Amino acid sequence: MTALSLKSVNKSFGNVHVLKDIDLEVEDGEFVVFVGPSGCGKSTLLRVIAGLEDASSGEIRIGGDLVNLTPPARRGIAMVFQSYALYPHLNVRGNMALALKQERQPKAEIEARIAEASRMLGLGDYLDRYPSELSGGQRQRVAIGRAIVRQPKLFLFDEPLSNLDAALRMNTRIEIANLHRALDASMIYVTHDQTEAMTLADKIVVLRDGRVEQVGSPMDLYNNPANQFVAGFLGAPSMNFLPAELVQPGDTRTLGLRPEALYVAEDGALRGDVTHVERLGGDTNVIVRTPATPITVRLFGQHPVSVGDELRLGYDAANAYYFDGEGRRSA
């Protein structure tokens, strides 16, 4: 069954056209990530799905039901925000119970749902604490628990990890992935962080300027980007782009090479000077200034490369991407 279906969804604020003919389907149990740069429309799209913003046109169906005119509370969704949005005067138990009390759920049912959510999220020892007594990561888990107890048709996450430090983001990301497996629930997750998108998603939706650029599994988009924008957005470090004529005289296309596709070779087709070295232990990232543009080379392991060294770089033609003047993938 389809958990969410969007057909020709548009959203305008006055004369500003923010979402443009969005078509998308999310299957039951699927984890879908909306990703794209700031201002691409991903959070607006999530708010339209939730009913916090009205679609200017198009059709929104959740669990097969048309919900364009249905208020948020009756759409069968639960939303987790970047800001946690916890009530400071309620303890953890009270925050998790509030929506269920408003739905007039039986007390025994409320207690059972809170107990289960607390077990899944490791919150059993914190139920009597107030938000001010919790760390950022614990507050985020409470916000997620408040969504779980509602047993929604669809979970919506709006950049939930943005306020956490790097280590905590990784830990919470793993918790969310484990939670998805445990619940087998349909989830939509908005982020600008391509690492979150690659590690969490069953399916990624790449947005730019209010349009869907490409939809697919993380590795499908990584290995088979439809255009230069998608190729450059997914991957860390990002794909290098340089004039193809550097290695193929007369070729007017743009050549795309991922940093890990390049290697040091005495007879390499590319030549340049090292301008910066990042020694990360397991990897060494080297910035090389070519005649056209700086490029990043990802060397696995530790390498005795220094600033000022001249390097010749090779690559396997099978790992090269080409794009035309409009940024479209070219054979």
# chains A, B, ... in the order shown; residues from 1 in each chain; ligands from 1
call {"tool": "select_by_dssp", "arguments": {"residues": "region 84-311 of chain A", "states": "strand (DSSP E)", "output": "PyMOL selection string"}}
result
chain A and resi 154-158+187-191+203-208+211-216+240-243+254-257+262-264+270-279+283-289+294-300+310-311
call {"tool": "residues_around", "arguments": {"residues": "Ala226 (chain A)", "least_positions_apart": "4", "cutoff": "10 Å", "atoms": "only C-alpha atoms", "output": "NGL selection string"}}
result
:A and (213-215 or 220-222 or 230-231 or 323 or 327-330)
call {"tool": "write_last_selection", "arguments": {"atoms": "N, CA, C and O atoms", "output": "compact mmCIF listing (two decimals), in the first residue's frame"}}
result
# COMPACT_ATOMS: atom_id res chain seq x y z
N GLU A 213 14.74 16.91 -8.76
CA GLU A 213 15.80 16.66 -9.73
C GLU A 213 15.96 15.18 -10.03
O GLU A 213 16.18 14.79 -11.18
N GLN A 214 15.88 14.34 -8.99
CA GLN A 214 16.03 12.91 -9.18
C GLN A 214 15.54 12.18 -7.94
O GLN A 214 15.64 12.70 -6.82
N VAL A 215 15.01 10.99 -8.12
CA VAL A 215 14.55 10.12 -7.03
C VAL A 215 15.19 8.75 -7.22
O VAL A 215 15.21 8.21 -8.34
N ASP A 220 22.11 4.37 -6.10
CA ASP A 220 21.72 4.63 -7.48
C ASP A 220 22.01 6.09 -7.83
O ASP A 220 22.56 6.38 -8.90
N LEU A 221 21.66 7.00 -6.93
CA LEU A 221 21.92 8.42 -7.19
C LEU A 221 23.42 8.71 -7.18
O LEU A 221 23.90 9.54 -7.96
N TYR A 222 24.15 8.03 -6.31
CA TYR A 222 25.60 8.25 -6.23
C TYR A 222 26.30 7.75 -7.49
O TYR A 222 27.18 8.43 -8.03
N VAL A 230 22.98 16.89 -9.15
CA VAL A 230 22.87 15.71 -8.28
C VAL A 230 24.25 15.11 -8.04
O VAL A 230 24.60 14.73 -6.92
N ALA A 231 25.06 15.02 -9.08
CA ALA A 231 26.40 14.46 -8.96
C ALA A 231 27.24 15.25 -7.96
O ALA A 231 27.99 14.66 -7.17
N PHE A 323 29.09 15.79 -18.59
CA PHE A 323 27.88 16.62 -18.57
C PHE A 323 27.97 17.65 -19.67
O PHE A 323 29.04 18.22 -19.95
N GLY A 327 24.31 20.98 -18.05
CA GLY A 327 24.47 20.20 -16.82
C GLY A 327 23.82 18.83 -16.89
O GLY A 327 23.82 18.11 -15.88
N ARG A 328 23.32 18.43 -18.06
CA ARG A 328 22.70 17.11 -18.18
C ARG A 328 23.76 16.04 -18.39
O ARG A 328 24.79 16.28 -19.01
N ARG A 329 23.48 14.86 -17.86
CA ARG A 329 24.41 13.73 -18.02
C ARG A 329 24.58 13.40 -19.50
O ARG A 329 23.61 13.34 -20.25
N SER A 330 25.81 13.22 -19.91
CA SER A 330 26.13 12.94 -21.30
C SER A 330 26.84 11.61 -21.39
O SER A 330 27.63 11.25 -20.51
call {"tool": "closest_residue", "arguments": {"among": "A:Ala166, A:Val305, A:Tyr263, A:Thr293", "to": "His276 (chain A)", "atoms": "only C-alpha atoms"}}
result
A:Val305
call {"tool": "closest_residue", "arguments": {"among": "A:Ala320, A:Leu164, A:Leu4, A:Ile49", "to": "Asn224 (chain A)", "atoms": "only C-alpha atoms"}}
result
A:Ala320
call {"tool": "residues_around", "arguments": {"residues": "region 97-113 of chain A", "least_positions_apart": "5", "cutoff": "8 Å", "atoms": "only C-alpha atoms", "output": "list in words"}}
result
Arg146, Val149 and Arg150 of chain A
call {"tool": "closest_atom_pairs", "arguments": {"of": "region 43-65 of chain A", "to": "region 16-21 of chain A", "cutoff": "10 Å", "atoms": "only C-alpha atoms", "output": "tab-separated table"}}
result
residue	atom	partner	partner_atom	distance
A:Thr44	CA	A:Leu19	CA	7.9
A:Leu45	CA	A:Leu19	CA	7.2
A:Val48	CA	A:Leu19	CA	9.8
A:Ala55	CA	A:Leu19	CA	8.9
A:Ser56	CA	A:Leu19	CA	9.1
A:Ser57	CA	A:Asp21	CA	8.8
A:Gly58	CA	A:Asp21	CA	7.8
call {"tool": "write_last_selection", "arguments": {"atoms": "C-alpha atoms", "output": "PDB file, in the first residue's frame"}}
result
ATOM      1  CA  THR A  44       7.904  23.663   2.691  1.00  0.00           C
ATOM      2  CA  LEU A  45       7.041  20.357   1.030  1.00  0.00           C
ATOM      3  CA  VAL A  48       2.383  20.888   2.945  1.00  0.00           C
ATOM      4  CA  ALA A  55      -1.067  23.286  -1.321  1.00  0.00           C
ATOM      5  CA  SER A  56      -1.889  25.866  -3.998  1.00  0.00           C
ATOM      6  CA  SER A  57      -2.834  23.004  -6.335  1.00  0.00           C
ATOM      7  CA  GLY A  58      -2.393  19.264  -6.695  1.00  0.00           C
TER       8      GLY A  58
END
call {"tool": "select_by_dssp", "arguments": {"residues": "region 64-265 of chain A", "states": "helix (DSSP H, G or I)", "output": "number ranges by chain"}}
result
A: 72-74, 92-102, 107-121, 124-126, 131-133, 136-148, 166-183, 194-200, 218-223, 228-233, 244-246, 259-261
call {"tool": "residues_around", "arguments": {"residues": "region 120-133 of chain A", "least_positions_apart": "6", "cutoff": "6 Å", "atoms": "only C-alpha atoms", "output": "count of residues only"}}
result
4
call {"tool": "closest_residue", "arguments": {"among": "A:Val190, A:Ala3, A:Ala182, A:Leu156", "to": "Ile144 (chain A)", "atoms": "only C-alpha atoms"}}
result
A:Leu156
call {"tool": "closest_residue", "arguments": {"among": "A:Ala265, A:Met239, A:Ala143, A:Ile77", "to": "Leu52 (chain A)", "atoms": "only C-alpha atoms"}}
result
A:Ile77
call {"tool": "residues_around", "arguments": {"residues": "Ile62 (chain A)", "least_positions_apart": "6", "cutoff": "12 Å", "atoms": "only C-alpha atoms", "output": "ChimeraX atom specification"}}
result
/A:1-7,24-28,49-51,68,70,72,74-77,152-155,186
